[in-house]
Structure formats: structure tokens, C-alpha cells
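Trainee: Handing over target_20.txt, compact mmCIF, C-alpha atoms.
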# COMPACT_ATOMS: atom_id res chain seq x y z
CA GLY A 465 -33.26 18.91 -2.94
CA GLY A 466 -32.18 22.16 -1.48
CA ALA A 467 -29.70 20.69 1.01
CA LEU A 468 -27.63 19.35 -1.86
CA ARG A 469 -27.41 22.62 -3.74
CA GLY A 470 -23.98 24.09 -4.05
CA PRO A 471 -21.44 25.67 -6.39
CA HIS A 472 -20.88 23.84 -9.65
CA ALA A 473 -17.54 22.34 -10.62
CA HIS A 474 -15.37 24.62 -8.50
CA GLY A 475 -12.94 21.81 -7.68
CA ARG A 476 -9.91 21.16 -9.82
CA ALA A 477 -8.33 17.83 -10.63
CA ARG A 478 -5.18 17.05 -8.68
CA ARG A 479 -2.16 15.80 -10.54
CA GLY A 480 -3.40 13.36 -13.23
CA GLY A 481 -7.12 13.58 -12.50
CA LEU A 482 -8.23 15.99 -15.22
CA LYS A 483 -5.96 14.42 -17.78
CA GLY A 484 -7.45 11.04 -16.98
CA ALA A 485 -10.95 12.47 -17.35
CA HIS A 486 -10.10 13.76 -20.81
CA ARG A 487 -8.91 10.30 -21.74
CA LEU A 488 -12.16 8.85 -20.47
CA HIS A 489 -14.16 11.22 -22.63
CA ALA A 490 -12.13 10.32 -25.68
CA SER A 491 -12.74 6.61 -25.20
CA ASN A 492 -16.48 6.93 -24.67
CA PRO A 493 -18.64 4.51 -26.72
CA ASP A 494 -20.68 6.10 -29.50
CA ARG A 495 -24.14 6.65 -28.02
CA SER A 496 -25.72 6.43 -31.49
CA ARG A 497 -25.03 2.72 -31.75
CA GLY A 498 -27.72 0.14 -31.14
CA GLY A 499 -28.13 -1.43 -27.72
CA ARG A 500 -28.41 -4.78 -26.05
CA SER A 501 -31.55 -6.06 -24.41
CA VAL A 502 -31.83 -6.35 -20.64
CA ASP A 503 -33.91 -9.14 -19.13
CA LEU A 504 -36.84 -7.87 -17.08
CA GLY A 505 -38.25 -11.24 -15.84
CA GLU A 506 -41.04 -11.67 -13.28
CA GLU A 507 -38.64 -11.40 -10.36
CA SER A 508 -37.38 -7.95 -11.34
CA LEU A 509 -36.09 -6.01 -8.35
CA LEU A 510 -37.55 -2.80 -9.72
CA SER A 511 -41.22 -1.96 -9.46
CA GLN A 512 -42.80 -1.74 -12.91
CA ASN A 513 -45.64 0.31 -14.41
CA SER A 514 -44.39 3.35 -12.56
CA GLU A 515 -45.72 6.71 -13.71
CA ARG A 516 -43.80 8.77 -11.20
CA GLU A 517 -41.03 11.16 -12.11
CA THR A 518 -37.81 9.75 -10.81
CA SER A 519 -34.46 10.80 -9.41
CA ALA A 520 -31.51 8.83 -8.04
CA ALA A 521 -29.46 8.04 -4.99
CA ALA A 522 -26.28 6.09 -4.35
CA SER A 523 -24.02 4.67 -1.70
CA GLN A 524 -20.46 3.82 -2.55
CA GLY A 525 -19.09 1.68 0.25
CA GLN A 526 -21.61 -1.12 -0.14
CA GLY A 527 -23.43 -0.08 -3.28
CA ALA A 528 -23.78 2.76 -5.72
CA SER A 529 -27.11 4.01 -6.92
CA SER A 530 -28.79 6.07 -9.59
CA SER A 531 -32.01 7.83 -10.60
CA LEU A 532 -34.57 7.88 -13.40
CA GLU A 533 -37.08 10.08 -15.15
CA SER A 534 -40.70 8.87 -15.14
CA ASP A 535 -41.78 6.21 -17.61
CA GLU A 536 -43.90 3.07 -17.63
CA ASN A 537 -42.51 -0.43 -17.38
CA VAL A 538 -39.02 0.64 -16.34
CA GLY A 539 -37.23 -2.17 -14.60
CA ALA A 540 -34.13 -4.27 -14.59
CA GLU A 541 -32.66 -7.22 -12.75
CA ARG A 542 -29.22 -8.65 -12.63
CA SER A 543 -28.24 -9.53 -16.18
CA ASN A 544 -27.41 -13.09 -17.16
CA SER A 545 -24.42 -11.78 -19.11
CA LYS A 546 -20.88 -12.12 -17.88
CA ILE A 547 -18.46 -9.22 -17.84
CA ASN A 548 -15.79 -10.58 -20.13
CA THR A 549 -14.27 -9.87 -23.50
CA ASN A 550 -16.00 -12.74 -25.27
CA ASP A 551 -19.66 -12.47 -24.38
CA THR A 552 -21.53 -9.46 -23.07
CA THR A 553 -24.92 -10.23 -24.56
CA ALA A 554 -27.72 -10.76 -22.09
CA GLU A 555 -29.81 -13.89 -22.57
CA ASN A 556 -33.46 -12.84 -22.67
CA THR A 557 -36.01 -15.13 -21.10
CA GLN A 558 -39.02 -12.84 -21.01
CA THR A 559 -39.86 -9.23 -21.82
CA THR A 560 -36.89 -7.21 -23.09
CA LEU A 561 -36.20 -3.55 -23.66
CA GLU A 562 -36.19 -2.36 -27.24
CA SER A 563 -32.67 -2.15 -28.59
CA GLU A 564 -32.98 1.45 -29.69
CA SER A 565 -33.74 2.55 -26.12
CA VAL A 566 -30.50 1.19 -24.67
CA PRO A 567 -27.26 2.61 -26.12
CA GLN A 568 -24.68 -0.02 -26.99
CA THR A 569 -21.51 -0.08 -24.92
CA SER A 570 -18.22 -1.68 -25.79
CA PRO A 571 -17.30 -4.82 -23.79
CA PRO A 572 -15.39 -3.93 -20.63
CA PRO A 573 -11.74 -4.72 -21.40
CA PHE A 574 -10.71 -5.89 -17.98
CA ALA A 575 -12.46 -9.18 -17.23
CA ALA A 576 -11.13 -12.44 -18.55
CA GLY A 577 -12.48 -15.94 -18.04
CA ASN A 578 -13.98 -16.92 -14.71
CA THR A 579 -12.15 -14.17 -12.80
CA GLY A 580 -14.53 -11.48 -13.99
CA ALA A 581 -17.62 -13.59 -14.53
CA VAL A 582 -19.47 -12.33 -11.46
CA VAL A 583 -18.00 -8.86 -11.03
CA GLY A 584 -20.46 -6.12 -11.92
CA ASN A 585 -23.84 -6.33 -13.65
CA THR A 586 -25.45 -5.78 -10.25
CA PRO A 587 -29.22 -5.13 -10.15
CA LEU A 588 -31.06 -1.98 -9.15
CA LEU A 589 -33.33 -1.94 -6.11
CA ASP A 590 -36.30 0.44 -5.89
CA LEU A 591 -36.15 2.39 -2.61
CA SER A 592 -38.72 5.00 -3.62
CA ARG A 593 -40.87 4.23 -0.59
CA LEU A 594 -38.17 5.85 1.55
CA SER A 595 -38.45 9.13 -0.32
CA LYS A 596 -40.14 12.12 1.32
CA ALA A 597 -41.34 13.28 -2.11
CA GLU A 598 -44.00 11.21 -3.86
CA ASN A 599 -42.77 12.07 -7.34
CA VAL A 600 -39.18 10.91 -6.78
CA LYS A 601 -37.92 7.44 -7.67
CA ILE A 602 -34.79 6.32 -5.85
CA LEU A 603 -32.84 3.35 -7.18
CA ALA A 604 -29.91 1.72 -5.37
CA LYS A 605 -27.18 -0.15 -7.28
CA MET A 606 -26.66 -3.33 -5.28
CA GLU A 607 -22.86 -3.40 -5.31
CA PHE A 608 -22.76 -5.59 -2.21
CA LEU A 609 -23.59 -8.48 -4.56
CA ASN A 610 -20.07 -8.37 -5.98
CA PRO A 611 -17.92 -11.32 -4.80
CA THR A 612 -16.24 -9.62 -1.81
CA GLY A 613 -19.29 -7.53 -1.00
CA SER A 614 -18.33 -4.13 -2.39
CA ILE A 615 -17.99 -1.93 -5.46
CA LYS A 616 -14.19 -2.16 -5.20
CA ASP A 617 -14.08 -5.53 -6.96
CA ARG A 618 -14.46 -3.53 -10.17
CA ILE A 619 -11.27 -1.50 -9.74
CA ALA A 620 -9.16 -4.31 -8.27
CA LEU A 621 -9.81 -6.54 -11.26
CA HIS A 622 -9.40 -3.68 -13.73
CA MET A 623 -6.19 -2.23 -12.30
CA ILE A 624 -4.46 -5.60 -11.92
CA SER A 625 -5.55 -6.75 -15.38
CA ARG A 626 -4.30 -3.49 -16.90
CA ALA A 627 -0.95 -3.88 -15.17
CA GLU A 628 -0.71 -7.41 -16.58
CA SER A 629 -1.50 -6.28 -20.13
CA GLU A 630 1.14 -3.54 -19.82
CA GLY A 631 3.76 -6.09 -18.75
CA LYS A 632 4.29 -4.53 -15.32
CA ILE A 633 3.49 -7.63 -13.25
CA LYS A 634 3.78 -11.40 -13.56
CA PRO A 635 2.15 -14.18 -11.48
CA GLY A 636 4.61 -16.06 -9.30
CA VAL A 637 7.13 -13.20 -9.49
CA THR A 638 5.35 -10.00 -8.50
CA THR A 639 3.94 -9.23 -5.06
CA ILE A 640 0.98 -6.84 -5.26
CA VAL A 641 0.93 -4.11 -2.59
CA ALA A 642 -2.18 -2.06 -1.83
CA SER A 643 -3.00 0.59 0.74
CA THR A 644 -6.67 0.51 1.59
CA SER A 645 -9.31 1.76 3.98
CA GLY A 646 -10.80 -1.74 3.79
CA ASN A 647 -12.90 -2.65 0.78
CA THR A 648 -10.20 -2.39 -1.89
CA GLY A 649 -7.92 -4.60 0.19
CA CYS A 650 -10.51 -7.38 0.22
CA SER A 651 -10.97 -7.03 -3.54
CA VAL A 652 -7.23 -6.99 -4.27
CA ALA A 653 -6.79 -10.08 -2.09
CA MET A 654 -9.47 -11.95 -4.03
CA VAL A 655 -8.12 -11.02 -7.46
CA CYS A 656 -4.55 -11.87 -6.45
CA ALA A 657 -5.63 -15.27 -5.16
CA LEU A 658 -7.45 -16.00 -8.43
CA LYS A 659 -4.59 -14.80 -10.63
CA GLY A 660 -1.73 -16.32 -8.63
CA TYR A 661 -0.07 -13.29 -7.01
CA ASP A 662 1.29 -12.88 -3.51
CA TYR A 663 -0.08 -9.72 -1.93
CA ILE A 664 0.36 -7.31 0.95
CA VAL A 665 -2.47 -5.01 1.98
CA ILE A 666 -1.94 -2.07 4.32
CA THR A 667 -4.81 -0.52 6.25
CA SER A 668 -5.41 1.56 9.37
CA LYS A 669 -6.86 0.71 12.76
CA LYS A 670 -10.15 2.22 11.58
CA CYS A 671 -10.67 -0.83 9.34
CA SER A 672 -13.15 -3.35 10.78
CA GLU A 673 -12.06 -6.76 12.04
CA GLU A 674 -14.37 -8.39 9.49
CA LYS A 675 -12.54 -6.75 6.59
CA ARG A 676 -9.15 -7.55 8.07
CA GLY A 677 -10.21 -11.18 8.30
CA SER A 678 -11.41 -11.18 4.71
CA MET A 679 -8.10 -9.74 3.51
CA ARG A 680 -6.16 -12.44 5.38
CA ALA A 681 -8.43 -15.27 4.24
CA PHE A 682 -7.10 -15.21 0.68
CA GLY A 683 -3.61 -16.06 1.91
CA GLY A 684 -1.71 -12.78 1.91
CA GLN A 685 -0.22 -10.42 4.48
CA VAL A 686 -2.14 -7.65 6.24
CA ILE A 687 -0.34 -4.69 7.85
CA ILE A 688 -2.25 -2.48 10.30
CA ALA A 689 -0.88 1.07 10.46
CA ASP A 690 -1.63 3.66 13.12
CA ASP A 691 -4.75 5.77 12.63
CA GLY A 692 -4.93 9.56 12.78
CA LEU A 693 -1.50 10.24 11.25
CA ALA A 694 -1.02 13.27 9.01
CA ALA A 695 -1.40 12.55 5.29
CA ASP A 696 2.31 13.24 4.71
CA HIS A 697 3.53 11.13 7.64
CA PRO A 698 5.89 8.36 6.43
CA GLU A 699 3.97 5.74 8.43
CA HIS A 700 0.55 6.79 7.14
CA TYR A 701 -0.99 3.66 5.62
CA VAL A 702 -1.06 5.15 2.12
CA ASN A 703 2.62 6.14 2.24
CA LEU A 704 3.71 2.72 3.48
CA GLU A 705 2.71 1.25 0.11
CA SER A 706 5.25 3.33 -1.81
CA THR A 707 7.90 2.75 0.85
CA LEU A 708 7.61 -1.03 0.56
CA CYS A 709 7.70 -0.90 -3.24
CA GLU A 710 10.82 1.29 -3.21
CA GLN A 711 12.57 -1.22 -0.95
CA ASN A 712 11.60 -4.36 -2.90
CA GLU A 713 12.24 -4.76 -6.63
CA ASN A 714 9.47 -7.30 -7.24
CA TYR A 715 6.75 -5.38 -5.39
CA PHE A 716 4.11 -3.54 -7.41
CA GLY A 717 1.92 -0.86 -5.84
CA ILE A 718 -1.72 -0.62 -6.88
CA ASP A 719 -1.69 3.11 -6.03
CA GLN A 720 -5.48 3.31 -6.07
CA TYR A 721 -5.49 6.99 -5.07
CA GLU A 722 -3.48 8.07 -8.13
CA ASN A 723 -3.97 5.23 -10.63
CA GLN A 724 -6.16 6.49 -13.50
CA HIS A 725 -7.30 2.94 -14.25
CA ASN A 726 -9.40 3.37 -11.08
CA PRO A 727 -11.96 5.83 -12.55
CA GLU A 728 -11.58 4.11 -15.92
CA ALA A 729 -13.00 0.92 -14.37
CA TYR A 730 -16.23 2.74 -13.50
CA TYR A 731 -16.35 4.54 -16.83
CA THR A 732 -16.30 1.21 -18.66
CA SER A 733 -18.61 -0.74 -16.33
CA LEU A 734 -20.72 1.02 -13.69
CA GLY A 735 -21.65 4.01 -15.84
CA PRO A 736 -22.81 1.94 -18.84
CA GLU A 737 -24.73 -0.45 -16.56
CA ILE A 738 -26.71 2.40 -14.97
CA TRP A 739 -27.41 3.96 -18.36
CA GLN A 740 -28.62 0.65 -19.78
CA GLN A 741 -30.66 -0.41 -16.75
CA THR A 742 -32.47 2.92 -16.63
CA ARG A 743 -32.89 3.08 -20.42
CA GLY A 744 -31.09 6.39 -20.41
CA ARG A 745 -33.59 8.01 -18.04
CA VAL A 746 -31.29 8.50 -15.07
CA THR A 747 -31.30 12.12 -13.90
CA HIS A 748 -29.02 12.14 -10.83
CA PHE A 749 -26.13 10.02 -9.60
CA VAL A 750 -25.28 10.14 -5.88
CA ALA A 751 -22.12 8.59 -4.41
CA GLY A 752 -19.63 9.28 -1.65
CA GLY A 753 -15.91 9.29 -2.30
CA SER A 754 -12.57 8.22 -0.92
CA THR A 755 -10.37 7.67 -3.96
CA GLY A 756 -13.05 9.48 -5.95
CA GLY A 757 -12.95 6.88 -8.71
CA THR A 758 -16.67 6.11 -8.55
CA VAL A 759 -17.77 9.74 -8.78
CA THR A 760 -15.22 10.60 -11.45
CA GLY A 761 -15.57 7.60 -13.77
CA THR A 762 -19.31 7.06 -13.44
CA GLY A 763 -20.02 10.78 -13.48
CA ALA A 764 -17.89 11.29 -16.60
CA TYR A 765 -19.72 8.55 -18.48
CA LEU A 766 -23.24 9.56 -17.46
CA LYS A 767 -22.62 13.21 -18.25
CA HIS A 768 -21.18 12.32 -21.65
CA VAL A 769 -24.00 10.06 -22.83
CA SER A 770 -26.68 12.41 -21.44
CA ASP A 771 -25.25 15.56 -23.05
CA ASN A 772 -24.33 16.78 -19.55
CA GLN A 773 -27.90 16.44 -18.25
CA VAL A 774 -27.19 13.94 -15.46
CA GLN A 775 -26.33 15.67 -12.19
CA VAL A 776 -23.63 14.22 -9.91
CA LEU A 777 -24.18 14.70 -6.17
CA MET A 778 -21.57 13.83 -3.56
CA PRO A 779 -22.02 13.64 0.23
CA ASP A 780 -18.81 13.93 2.27
CA PRO A 781 -18.45 13.10 5.99
CA VAL A 782 -17.76 15.91 8.44
CA GLY A 783 -14.02 15.96 9.11
CA SER A 784 -13.07 14.94 5.57
CA VAL A 785 -11.23 17.58 3.54
CA ILE A 786 -13.03 17.05 0.22
CA PHE A 787 -15.98 19.30 1.08
CA GLU A 788 -13.68 22.05 2.37
CA HIS A 789 -11.70 21.96 -0.86
CA TRP A 790 -14.72 21.87 -3.20
CA ALA A 791 -17.20 24.19 -1.48
CA LYS A 792 -14.89 26.60 0.34
CA HIS A 793 -11.98 26.51 -2.13
CA VAL A 794 -9.40 25.81 0.59
CA PRO A 795 -6.06 25.16 -1.19
CA GLU A 796 -4.77 21.59 -0.99
CA ASN A 797 -1.69 22.57 0.98
CA GLU A 798 -3.88 24.22 3.64
CA LEU A 799 -6.38 21.39 4.09
CA GLN A 800 -6.52 19.76 7.52
CA ALA A 801 -8.67 16.75 8.32
CA SER A 802 -10.35 17.13 11.70
CA GLY A 803 -10.87 13.41 12.19
CA TYR A 804 -13.83 11.31 11.11
CA LYS A 805 -14.98 7.85 12.12
CA VAL A 806 -16.79 6.82 8.93
CA GLU A 807 -15.06 3.83 7.36
CA GLY A 808 -14.27 3.71 3.64
CA VAL A 809 -15.48 7.19 2.65
CA GLY A 810 -13.99 10.67 3.03
CA LYS A 811 -10.30 11.58 2.85
CA ASP A 812 -7.54 13.52 4.59
CA SER A 813 -6.08 14.69 1.25
CA ILE A 814 -7.30 15.16 -2.33
CA PRO A 815 -6.60 12.02 -4.42
CA GLY A 816 -5.38 12.28 -8.00
CA THR A 817 -8.20 9.94 -9.06
CA LEU A 818 -10.84 12.46 -7.95
CA ASP A 819 -11.91 15.00 -10.57
CA LEU A 820 -14.24 17.43 -8.81
CA SER A 821 -15.22 19.12 -12.07
CA PHE A 822 -17.78 16.33 -12.49
CA VAL A 823 -19.46 17.11 -9.14
CA ASP A 824 -22.51 19.41 -9.37
CA ALA A 825 -23.39 19.55 -5.68
CA MET A 826 -21.86 18.42 -2.38
CA ILE A 827 -23.05 18.29 1.22
CA SER A 828 -21.06 17.75 4.42
CA VAL A 829 -22.81 15.05 6.48
Mind turning this structure into C-alpha cells?
Mentor:
Amino acid sequence: GGALRGPHAHGRARRGGLKGAHRLHASNPDRSRGGRSVDLGEESLLSQNSERETSAAASQGQGASSSLESDENVGAERSNSKINTNDTTAENTQTTLESESVPQTSPPPFAAGNTGAVVGNTPLLDLSRLSKAENVKILAKMEFLNPTGSIKDRIALHMISRAESEGKIKPGVTTIVASTSGNTGCSVAMVCALKGYDYIVITSKKCSEEKRGSMRAFGGQVIIADDGLAADHPEHYVNLESTLCEQNENYFGIDQYENQHNPEAYYTSLGPEIWQQTRGRVTHFVAGGSTGGTVTGTGAYLKHVSDNQVQVLMPDPVGSVIFEHWAKHVPENELQASGYKVEGVGKDSIPGTLDLSFVDAMISV
């Protein structure tokens, strides 16, 4: 409630962010089309027969979440469908939602064959018992069920597949380079191993040993940069990506902080999933941000299909510059990160993949 209230859409998109958002709007599926059914089986992870008014919550690093308005028999479990270009129809074994209540979405363009078979289509988990308000339903999107354990599998697969389709990379020739706070590096490593690319991931000392191990396990190289460096320092982990690519002709940088295929991945997958699973009754979407792709892409989709009714709420860790820029209008060139220990969320600069015009409220936590 009140703690999340704040100015609306005061932030501006940096570099390509707003342009990318316009492109996302233009490519939005027609919400008037019929929809696919979603299996509700007996083992649904959502409580059914709920008559409570609902709202939503989300967590980006390990899972994003959403919210609903009140209705009876609202529930969804992980779909039997695969995210690929050939078959996105869910096989129904028991009760299904009526097709007119779930807007049809176009098949995500980024998954092909077995590589994308288990990325996305994560279930919702009802966490309403944790709410302090009896009339609020809180649903968590269980993104930790993606192959490497995070939401970032979506963008790694999408960005690499897009680069392939555009002829920018080739297996056996190109080495993929990615700067990462942790999760994206694990996802990039997995996708590269599946598609036959060598890879180098660059992270900071803040990254956990578990994630470093996961990034190494797929057979590539992991570089650990110093932590606490200024955003424009040449040895900052993000800047090392571009430096390596400039020095090596066959290196390709993922550039997740500027690559507009990042928010596009969420616009074509996470947003439609939430809309379908909630039968269009989601009222709020809550997610933290680092690249800002989740908030931008998912927020853009949900606002579009809901006629701008869905509210996007974004917590930001104390020490990150995003809150200062959005709430206090501090110019980008005057922003200074004060240091924060939270891994995988928050930022020391404003990424081009973050469009703050989609954020309705923000809180510094």
C-alpha cells in the first residue's frame, strides 16, 4: 500500500530504452483474439474457489510474481506446453479455462527444439497467507524452476537466438562474452553449451561462489573483476565485456544492459504467461531491477493488454542509483552509488534496457 506510493513515470528511458518500448508496443499480440486453455489439474499450485480481491507481488532474482482481482476458481499450474515455434498449445487433462477468458498470444520466437523446451511456463504459487491484508491475493511466479534456477534463462536464450537469426554469431566460430552480476552468466553458459559456443562470463567479487561454479561447469571461462569500481572505470566488470570484444574479432558481447532483445524476451514470454495464468485479472506486477528488462518488458505487455490498468511496482535496494534517479530526478551524470550488498538487483548506473516510464511506484529498501 502506502509505502509503495510515489510519483508516476517520472523516469526517462536512457539511450535506446524508450525506442525499444515503442517497438514492443507495436509488436503486441491482438488482445481480441481467442485464447488457449491452461490446465488446472488437481495438483494446482494456486488455491481455488477464492472469493478474495487480489493483488500481486514479484521477486526478480529467483522468481517474478504477479497479482489478481477476485474471482472464483482462479488457478494455474505449470503448463504442459513447450516454449517453441512449433507447438505452444497446452494439453488439457482436466478442467480448463474458457478460451474467451484467456487472450491468445503469438508463439515466442526465440525457442527452438529442445533448447527452449523447459524455459519459461513457470507456475504461480499462492502466498496470500503472508499478506497483512485479508483481501489481498499475492501470487509468486516460480522462476527458480527454469533450468539454471533463475528468470535470466529467458533473456539468454532469446538474445543468443536473435543474434543467430541476424547472422551475427556462428557456433564453432564465435565466442560469446557476457558481463553479469551472476544469474545471466549461468544462463548464458547453459545456452552456449547447448548451442555449441565457447563463452566468457565476467562478474564481480560480489557474485556468490555457487554461481561462479555454475558458470564454470558448462565449460567456459569465468573472469572475476574487482568490486566497488566506478561505473565508468575501464576494469568495471560491465566495461570489460566491450574491451574484450574490441580486442578480439570473433568475440560477441551479449550487452544485456543495452540490448533491447532483453526486455523483448519478457514482453513475448513472461508478460503473456502472467496474463494467461491470471485470466487477465492481474492488477499489480512487482519486480526488482538490475538491467531493468523484467520491469520494462513485462510491464509494457501487461499495461498494453490491460488498457494501462495494471500497476508496476519496483523495489530498489538502498545504495542503488535507480531510486534516486526515478523518485528524486537526479540526473544520470550526477548519480553516485553508495554501495550495496544485495546480489543481482540494483545498479550503479541507469541501463538502456530500463524504461522507467512503465514504473508507477518505487520504494528504496
Trainee: Which residues of segment 792-823 of chain A come within 12 Å of segment 647-663 of chain A, and for each one, what is the closest pair of atoms and their distance in Å to one decimal, counting all atoms listed in the file, sorted by chain and residue number, as a tab-separated table?
Mentor:
residue	atom	partner	partner_atom	distance
A:Glu807	CA	A:Asn647	CA	9.5
A:Gly808	CA	A:Asn647	CA	7.1
A:Val809	CA	A:Asn647	CA	10.3
Trainee: Please compute the atom CA of Trp739 of chain A-atom CA of Ala627 of chain A distance, one decimal, in Å.
Mentor: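 Separation between atom CA of Trp739 of chain A and atom CA of Ala627 of chain A: 27.8 Å.
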Trainee: So that I can see what lies close to Gly761 of chain A, please list as an NGL selection string the residues with an atom at most 8 Å from it, counting all atoms listed in the file and leaving out residues fewer than 4 positions away in the same chain.
Mentor: :A and (485 or 488 or 726-731 or 735 or 757 or 765)
Trainee: Can you tell me which residues surround segment 779-788 of chain A at a distance of at most 10 Å, considering all atoms listed in the file, apart from same-chain residues fewer than 4 positions away, and format the answer as a ChimeraX atom specification?
Mentor: /A:468,475,522-523,750-754,756,792-796,798-807,809-815,818,820,825-829
Trainee: To one decimal place, how far is atom CA of Leu591 of chain A from atom CA of Thr760 of chain A in Å?
Mentor: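 Taking atom CA of Leu591 of chain A as the start and atom CA of Thr760 of chain A as the end point, the length is 24.2 Å.
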Trainee: I'd like to know which of A:Ser629, A:Thr612, A:Gln740, A:Gln724 is closest to Phe682 of chain A, using only C-alpha atoms.
Mentor: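 Of all the options, A:Thr612 lies closest to Phe682 of chain A.
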Trainee: State, in Å with one decimal place, the distance from atom CA of Met778 of chain A to atom CA of Asn797 of chain A.
Mentor: 22.2 Å
Trainee: Calculated over all atoms listed in the file, which of the candidates A:Gly646, A:His697, A:Met623, A:Leu704 has the smallest distance to Ser678 of chain A?
Mentor: A:Gly646
Trainee: Looking at only C-alpha atoms, which of A:Lys669, A:His789, A:Lys605, A:Arg745 is the one that sits closest to His700 of chain A?
Mentor: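 Result for the nearest residue to His700 of chain A: A:Lys669.
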Trainee: Tell me which residues come within 9 Å of (-24.7, 2.2, -18.8), as a compact mmCIF listing (two decimals) with C-alpha atoms, keeping the file's coordinate frame, counting only C-alpha atoms in the file's coordinates.
Mentor:
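Contents of result.txt, freshly written:
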# COMPACT_ATOMS: atom_id res chain seq x y z
CA VAL A 566 -30.50 1.19 -24.67
CA PRO A 567 -27.26 2.61 -26.12
CA GLN A 568 -24.68 -0.02 -26.99
CA THR A 569 -21.51 -0.08 -24.92
CA TYR A 731 -16.35 4.54 -16.83
CA THR A 732 -16.30 1.21 -18.66
CA SER A 733 -18.61 -0.74 -16.33
CA LEU A 734 -20.72 1.02 -13.69
CA GLY A 735 -21.65 4.01 -15.84
CA PRO A 736 -22.81 1.94 -18.84
CA GLU A 737 -24.73 -0.45 -16.56
CA ILE A 738 -26.71 2.40 -14.97
CA TRP A 739 -27.41 3.96 -18.36
CA GLN A 740 -28.62 0.65 -19.78
CA GLN A 741 -30.66 -0.41 -16.75
CA THR A 742 -32.47 2.92 -16.63
CA ARG A 743 -32.89 3.08 -20.42
CA GLY A 744 -31.09 6.39 -20.41
CA TYR A 765 -19.72 8.55 -18.48
CA LEU A 766 -23.24 9.56 -17.46
CA VAL A 769 -24.00 10.06 -22.83
